[in-house]
Structures are given as C-alpha cells and as structure tokens.
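What follows is the content of my_file23.csv (CSV, C-alpha atoms).
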```
chain,number,residue,atom,x,y,z
A,1,LYS,CA,-9.6,192.3,119.0
A,2,PHE,CA,-10.1,192.1,115.2
A,3,SER,CA,-7.5,190.4,113.0
A,4,HIS,CA,-8.7,191.5,109.5
A,5,LEU,CA,-9.6,194.9,108.0
A,6,TYR,CA,-11.4,195.3,104.7
A,7,ASP,CA,-11.8,198.8,103.2
A,8,ALA,CA,-14.6,198.3,100.8
A,9,HIS,CA,-15.3,202.0,100.3
A,10,ARG,CA,-11.8,203.1,99.4
A,11,SER,CA,-12.5,206.8,100.1
A,12,LEU,CA,-10.3,209.3,101.8
A,13,ARG,CA,-12.1,208.9,105.1
A,14,SER,CA,-12.0,205.1,105.0
A,15,PHE,CA,-8.3,205.2,104.0
A,16,ILE,CA,-7.5,207.4,107.0
A,17,LEU,CA,-9.5,205.2,109.3
A,18,SER,CA,-7.8,202.0,108.1
A,19,PHE,CA,-4.4,203.7,108.5
A,20,LEU,CA,-5.2,204.6,112.1
A,21,LEU,CA,-6.4,201.0,112.9
A,22,TRP,CA,-3.4,199.4,111.2
A,23,ARG,CA,-0.9,197.3,113.2
A,24,PRO,CA,1.8,194.8,111.9
A,25,SER,CA,-0.3,191.7,112.7
A,26,LEU,CA,-3.4,193.0,110.9
A,27,LYS,CA,-4.4,191.5,107.5
A,28,ARG,CA,-5.7,194.3,105.3
A,29,ILE,CA,-7.2,194.4,101.8
A,30,PHE,CA,-8.9,197.1,99.7
A,31,ARG,CA,-11.6,197.0,97.1
A,32,SER,CA,-10.8,198.6,93.8
A,33,LYS,CA,-13.4,201.1,92.7
A,34,GLU,CA,-12.1,201.0,89.1
A,35,ARG,CA,-12.2,204.8,88.9
A,36,TRP,CA,-10.7,205.0,85.5
A,37,LYS,CA,-13.5,202.8,84.1
A,38,ARG,CA,-16.0,205.0,85.8
A,39,PHE,CA,-14.4,208.1,84.3
A,40,LEU,CA,-14.6,206.5,80.8
A,41,LEU,CA,-18.2,205.5,81.3
A,42,CYS,CA,-19.5,208.8,82.7
A,43,LYS,CA,-17.3,211.2,80.7
A,44,CYS,CA,-16.6,209.4,77.4
A,45,ARG,CA,-19.6,206.9,77.2
A,46,ILE,CA,-17.1,204.0,76.9
A,47,ASN,CA,-18.3,201.1,79.0
A,48,LEU,CA,-15.7,198.6,80.1
A,49,PHE,CA,-17.8,197.2,82.9
A,50,ASP,CA,-19.8,194.0,82.8
A,51,TRP,CA,-23.5,194.9,82.1
A,52,PRO,CA,-25.5,194.9,84.1
A,53,TYR,CA,-22.9,195.7,86.7
A,54,ARG,CA,-23.4,193.5,89.8
A,55,GLY,CA,-22.1,195.6,92.7
A,56,MET,CA,-22.3,192.8,95.2
A,57,LYS,CA,-19.8,190.8,93.2
A,58,SER,CA,-17.3,193.6,93.3
A,59,TYR,CA,-17.6,193.8,97.1
A,60,LEU,CA,-17.1,190.0,97.4
A,61,LYS,CA,-14.2,189.7,95.0
A,62,PRO,CA,-11.5,190.9,97.3
A,63,LEU,CA,-12.8,188.7,100.1
A,64,ALA,CA,-12.0,185.6,98.1
A,65,LYS,CA,-8.5,186.1,99.3
A,66,TRP,CA,-9.7,185.3,102.9
A,67,ASN,CA,-12.0,182.4,101.7
A,68,VAL,CA,-15.2,184.4,102.4
A,69,SER,CA,-18.1,183.5,100.1
A,70,VAL,CA,-21.8,184.5,99.8
A,71,GLY,CA,-22.8,181.4,101.7
A,72,LYS,CA,-20.7,182.4,104.7
A,73,ILE,CA,-22.1,185.9,104.7
A,74,GLN,CA,-25.7,184.6,104.5
A,75,GLN,CA,-25.1,182.8,107.8
A,76,LEU,CA,-25.2,186.2,109.4
A,77,LYS,CA,-29.0,186.1,109.0
A,78,ALA,CA,-29.3,183.8,112.0
A,79,VAL,CA,-27.1,186.2,114.1
A,80,PHE,CA,-29.1,189.4,113.6
A,81,THR,CA,-32.4,187.6,113.6
A,82,ASN,CA,-31.7,186.2,117.1
A,83,GLN,CA,-30.6,189.6,118.4
A,84,VAL,CA,-33.6,191.6,117.2
A,85,ILE,CA,-36.5,189.3,116.3
A,86,GLU,CA,-38.3,189.7,119.7
A,87,ARG,CA,-38.6,193.5,119.4
A,88,ILE,CA,-39.6,193.3,115.7
A,89,ASN,CA,-42.3,190.7,116.5
A,90,GLU,CA,-43.7,192.7,119.3
A,91,MET,CA,-43.9,195.9,117.3
A,92,ILE,CA,-45.8,194.2,114.5
A,93,ARG,CA,-48.0,192.2,116.9
A,94,VAL,CA,-49.1,195.3,118.7
A,95,ALA,CA,-50.1,196.9,115.4
A,96,TRP,CA,-51.7,194.0,113.6
A,97,GLY,CA,-52.1,191.0,115.9
A,98,ASP,CA,-51.1,187.6,114.7
A,99,ASP,CA,-52.2,188.1,111.1
A,100,ASN,CA,-49.1,190.1,110.1
A,101,GLN,CA,-47.9,189.3,106.6
A,102,PHE,CA,-46.6,192.5,105.0
A,103,ILE,CA,-44.7,194.1,102.1
A,104,ALA,CA,-41.6,196.1,103.0
A,105,MET,CA,-41.0,199.4,101.1
A,106,ALA,CA,-37.8,201.5,101.0
A,107,PRO,CA,-38.7,204.6,99.2
A,108,SER,CA,-35.6,206.7,99.9
A,109,ALA,CA,-32.1,206.7,98.6
A,110,ALA,CA,-28.9,208.6,99.4
A,111,TRP,CA,-28.9,210.5,96.1
A,112,PRO,CA,-32.1,212.4,95.2
A,113,LEU,CA,-31.9,211.3,91.5
A,114,LYS,CA,-32.1,207.6,92.7
A,115,ARG,CA,-35.5,208.3,94.4
A,116,TRP,CA,-38.7,207.4,92.7
A,117,PRO,CA,-41.0,210.4,93.0
A,118,ILE,CA,-43.2,210.3,96.1
A,119,ALA,CA,-46.4,210.7,94.0
A,120,TYR,CA,-45.6,207.4,92.4
A,121,TRP,CA,-45.1,205.7,95.7
A,122,LYS,CA,-48.5,207.0,96.8
A,123,GLU,CA,-50.2,205.7,93.7
A,124,LEU,CA,-48.6,202.3,94.2
A,125,ILE,CA,-49.7,202.1,97.8
A,126,GLN,CA,-53.3,203.0,96.8
A,127,LYS,CA,-53.2,200.2,94.2
A,128,LEU,CA,-52.0,197.7,96.8
A,129,VAL,CA,-55.4,197.5,98.5
A,130,GLY,CA,-55.6,194.8,101.1
A,131,HIS,CA,-51.8,194.6,101.6
A,132,ARG,CA,-50.1,195.6,104.8
A,133,ILE,CA,-47.0,197.7,104.3
A,134,ILE,CA,-43.9,198.5,106.5
A,135,ILE,CA,-41.9,201.5,105.4
A,136,LEU,CA,-38.2,201.5,106.0
A,137,GLY,CA,-35.8,204.5,105.9
A,138,GLY,CA,-33.6,206.8,107.9
A,139,PRO,CA,-34.3,209.6,110.4
A,140,SER,CA,-34.2,212.3,107.6
A,141,ASP,CA,-36.8,210.6,105.5
A,142,ILE,CA,-39.7,212.5,107.0
A,143,PHE,CA,-41.7,212.3,103.8
A,144,CYS,CA,-42.4,208.6,104.7
A,145,GLU,CA,-45.1,209.9,107.1
A,146,GLU,CA,-47.1,211.1,104.1
A,147,LEU,CA,-47.2,207.5,102.8
A,148,LYS,CA,-48.4,206.2,106.2
A,149,GLU,CA,-51.2,208.7,106.3
A,150,LEU,CA,-52.7,207.3,103.1
A,151,ALA,CA,-53.9,204.2,105.0
A,152,PRO,CA,-52.6,204.3,108.7
A,153,GLU,CA,-54.6,201.1,109.5
A,154,ARG,CA,-52.5,199.0,107.2
A,155,ILE,CA,-49.2,201.0,107.0
A,156,LEU,CA,-46.4,201.2,109.6
A,157,ASN,CA,-43.8,203.9,109.2
A,158,PHE,CA,-40.5,202.6,110.8
A,159,ALA,CA,-38.3,205.2,109.0
A,160,GLY,CA,-35.8,206.4,111.6
A,161,LYS,CA,-37.1,204.1,114.3
A,162,LEU,CA,-35.0,201.0,113.7
A,163,SER,CA,-31.4,200.1,113.8
A,164,LEU,CA,-29.8,198.7,110.7
A,165,LEU,CA,-30.0,195.2,112.1
A,166,GLU,CA,-33.7,195.6,112.9
A,167,SER,CA,-34.4,196.8,109.4
A,168,CYS,CA,-32.6,193.7,108.1
A,169,ALA,CA,-34.8,191.6,110.2
A,170,ILE,CA,-37.9,193.3,108.8
A,171,VAL,CA,-36.6,192.5,105.3
A,172,GLN,CA,-36.1,188.9,106.3
A,173,ARG,CA,-39.7,188.6,107.4
A,174,ALA,CA,-41.3,190.4,104.5
A,175,SER,CA,-43.2,188.6,101.8
A,176,LEU,CA,-42.0,191.1,99.2
A,177,VAL,CA,-39.6,194.1,99.2
A,178,ILE,CA,-40.1,197.1,96.9
A,179,SER,CA,-37.1,199.4,97.0
A,180,ALA,CA,-35.3,202.2,95.4
A,181,ASP,CA,-31.6,201.8,94.6
A,182,THR,CA,-30.5,201.7,98.3
A,183,GLY,CA,-29.0,199.4,100.9
A,184,ILE,CA,-32.3,197.7,101.8
A,185,LEU,CA,-32.6,196.4,98.2
A,186,HIS,CA,-29.2,194.7,98.5
A,187,VAL,CA,-30.2,193.2,101.9
A,188,ALA,CA,-33.2,191.6,100.3
A,189,ASP,CA,-30.9,190.4,97.5
A,190,LEU,CA,-28.5,188.8,99.9
A,191,LEU,CA,-31.2,187.2,102.0
A,192,ASN,CA,-32.9,185.7,99.0
A,193,ILE,CA,-36.2,187.7,99.6
A,194,ASN,CA,-38.5,188.4,96.6
A,195,GLY,CA,-38.2,192.0,95.6
A,196,ILE,CA,-38.8,194.7,93.0
A,197,ALA,CA,-35.9,197.1,92.3
A,198,LEU,CA,-36.6,200.5,91.0
A,199,ILE,CA,-33.3,201.5,89.3
A,200,GLY,CA,-32.9,205.0,88.2
A,201,PRO,CA,-29.9,206.7,86.6
A,202,THR,CA,-27.2,204.6,88.2
A,203,ALA,CA,-25.0,202.1,86.4
A,204,PHE,CA,-23.8,200.3,89.5
A,205,GLY,CA,-26.7,199.2,91.7
A,206,PHE,CA,-27.9,196.1,90.1
A,207,THR,CA,-28.9,193.1,92.2
A,208,THR,CA,-27.5,189.5,91.7
A,209,GLY,CA,-30.4,187.2,92.7
A,210,GLU,CA,-33.0,186.1,90.2
A,211,GLN,CA,-35.7,186.7,92.8
A,212,ILE,CA,-35.3,190.4,92.4
A,213,LYS,CA,-37.2,191.9,89.5
A,214,ILE,CA,-35.4,195.0,88.1
A,215,MET,CA,-37.6,197.8,86.8
A,216,GLU,CA,-35.6,200.3,84.7
A,217,LYS,CA,-35.6,202.3,81.6
A,218,ASN,CA,-32.5,202.4,79.4
A,219,LEU,CA,-31.6,206.0,78.5
A,220,PRO,CA,-28.6,207.1,76.5
A,221,CYS,CA,-27.7,209.7,79.2
A,222,ARG,CA,-27.3,207.1,81.9
A,223,PRO,CA,-25.4,207.4,84.1
A,224,CYS,CA,-25.0,211.1,84.3
A,225,SER,CA,-22.4,210.7,87.0
A,226,LYS,CA,-20.7,208.0,89.1
A,227,ASP,CA,-23.5,208.5,91.7
```
Represent the structure of the file as structure tokens.
Amino acid sequence: KFSHLYDAHRSLRSFILSFLLWRPSLKRIFRSKERWKRFLLCKCRINLFDWPYRGMKSYLKPLAKWNVSVGKIQQLKAVFTNQVIERINEMIRVAWGDDNQFIAMAPSAAWPLKRWPIAYWKELIQKLVGHRIIILGGPSDIFCEELKELAPERILNFAGKLSLLESCAIVQRASLVISADTGILHVADLLNINGIALIGPTAFGFTTGEQIKIMEKNLPCRPCSKD
C-alpha cells in the first residue's frame, strides 16, 4: 500500500526491484551516485566533490522533491524506540542491573579496508577501564566475541543478536558511539548522539553532525577505489 518509491542505491538490483514494484500511480525518484565524479576521483585524482563529502546530504537531496527533511526523519526515533525499547531495557538490566550507562562500539564494516584492526580495538577497550561497552555488528562478525572476552563482566556482545531497529535503539541509549565507517555511525549522526568516527580509506563516509568527532589520516592514495 505504498505510494512513493525512492531508489537510493541506484544499483542493478535496486533498479530491477523498483521496476518490478512500479505502477502508474507510484511516485518514484532515484539518487544520483555521480559515477563520473567517482571515476575522476579514483582514477585521475581529480576531485569535483565537496570535501569532506557528506553522504547523508546526498541521500536527502532527492527527497526534497517530496518535502522530506532531516527533522521529519528524526521523528522515526520515537517509532523504533517504542517498538523495541522494552526488549533492549530487559537485556541490559539482566546483565548490569539499573546502573547501565554504556558506550556502544561498532568495530566492523562491509569492506575489510574500512575496518580498524582488531588489535587496536582491544587496546582501546583495555584503556576504557571502568566503562561498560555494548558491541554491535552482524551475524558474520564473529571476531566481536574476542573483544567481549577481554572483560566479560563489563562488555556485552550483541553482534548478530539484534535487529536493525534494536541496534538503532542501543545507539539512541548510548552515552557515546565509537564506530568504523559503517551504518551504525550514521545512525548516531542522525540521532544526534555523541560519537567518534574512525574513517579509513573512503572518501564518502563523512558524518554531518558536529557531535561526531572524525578521526582520520589524509593520505595521497585515498581513496584507492569507490568502496
């Protein structure tokens, strides 16, 4: 019963899906991925993008046609919180009782080169003595169990155990988010949660909000590819 369709990925798969879902009454828009600019940047070292490139703005730009703004998207926070907060509260309460402030960590990323080495995550956790930590990730991020074993009394490994909405609720409750260049980082950005972004070789993953501190090192070979 949807009336609008927004293809933000603009891949072959999303194009086929949007084609199959199309009907005459449907309003449909696409997001330009500006592939020719990406080609010039990655292959010729000619940068025609704004720097730093704020990916969120590129996703929101097409939605202006439908009068959708950041403020309207942030209203979704109340929706997913109401749906999942009970389960999240119970999981945390069982582990830590009522004293349950924590830092959320997202150590994984879709592309291996976007991942901070696990040895660095271990060193960081060992330095955060006295802080409780919840680790977020997907079912394939089995290395997250190694991080939990460093201090199981103060670390919860929720990698692969939560839905996307439940992970968003964890982010919304966290006092701080420390994340690789992955989706959790942008959830924290959108929900105005304090965060530290570990940006690797990408050129396109920068956050928008001032509450996110970006840690990066500018190298002449960056980015080595569009990913």
Practice task
Work out how far apart atom CA of Val187 of chain A and atom CA of Arg132 of chain A are and give it in Å to one decimal.
Solution key: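 If I compute the distance from atom CA of Val187 of chain A to atom CA of Arg132 of chain A, I get 20.3 Å.
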Exercise for the section: Tell me, in Å to one decimal, how far atom CA of Asn157 of chain A is from atom CA of Ile125 of chain A. Expected result: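 Straight-line distance from atom CA of Asn157 of chain A to atom CA of Ile125 of chain A works out to 13.0 Å.
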Practice task
Write out as a ChimeraX atom specification which residues come within 9 Å of segment 39-44 of chain A when counting only C-alpha atoms, dropping same-chain ones fewer than 3 positions away.
Solution key: /A:34-36,47-49,221-226
Exercise for the section: Using only C-alpha atoms, find the one residue out of A:Ile155, A:Arg31, A:Leu5, A:Lys37 that sits nearest to Phe19 of chain A. Expected result: A:Leu5
Practice task
Quick one: everything within 9 Å of segment 163-174 of chain A, counting only C-alpha atoms, minus sequence neighbours fewer than 2 positions away in the same chain. Send it as a list in words.
Solution key: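 Contacts, in chain order: Lys77, Phe80, Thr81, Gln83, Val84, Ile85, Arg87, Ile88, Gln101, Phe102, Ile103, Ala104, Ile134, Leu136, Gly137, Phe158, Gly160, Lys161, Leu176, Val177, Ile184, Val187, Ala188, Leu191, Asn192, Ile193 and Asn194 of chain A.
Compared by their closest atoms to Asp189 of chain A, and using only C-alpha atoms, the residues A:Pro117, A:Lys57, A:Ala95, A:Ala110 rank with A:Lys57 nearest.
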Problem - Using all atoms listed in the file: which of A:Ala197, A:Ala119, A:Ile92, A:Val68 has the shortest distance to His4 of chain A - result: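 Comparing A:Ala197, A:Ala119, A:Ile92, A:Val68 against His4 of chain A, the winner is A:Val68.
Separating atom CA of His9 of chain A from atom CA of Lys61 of chain A is a distance of 13.4 Å.
Using all atoms listed in the file for every distance, the candidate list A:Val94, A:Phe143, A:Ile178, A:Leu26 yields A:Phe143 as the residue closest to Ile118 of chain A.
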Problem - Shell around Ala180 of chain A at 10 Å using all atoms listed in the file, local window under 6 positions removed, as a PyMOL selection string - result: chain A and resi 105-110+114-116+196-200+205+215
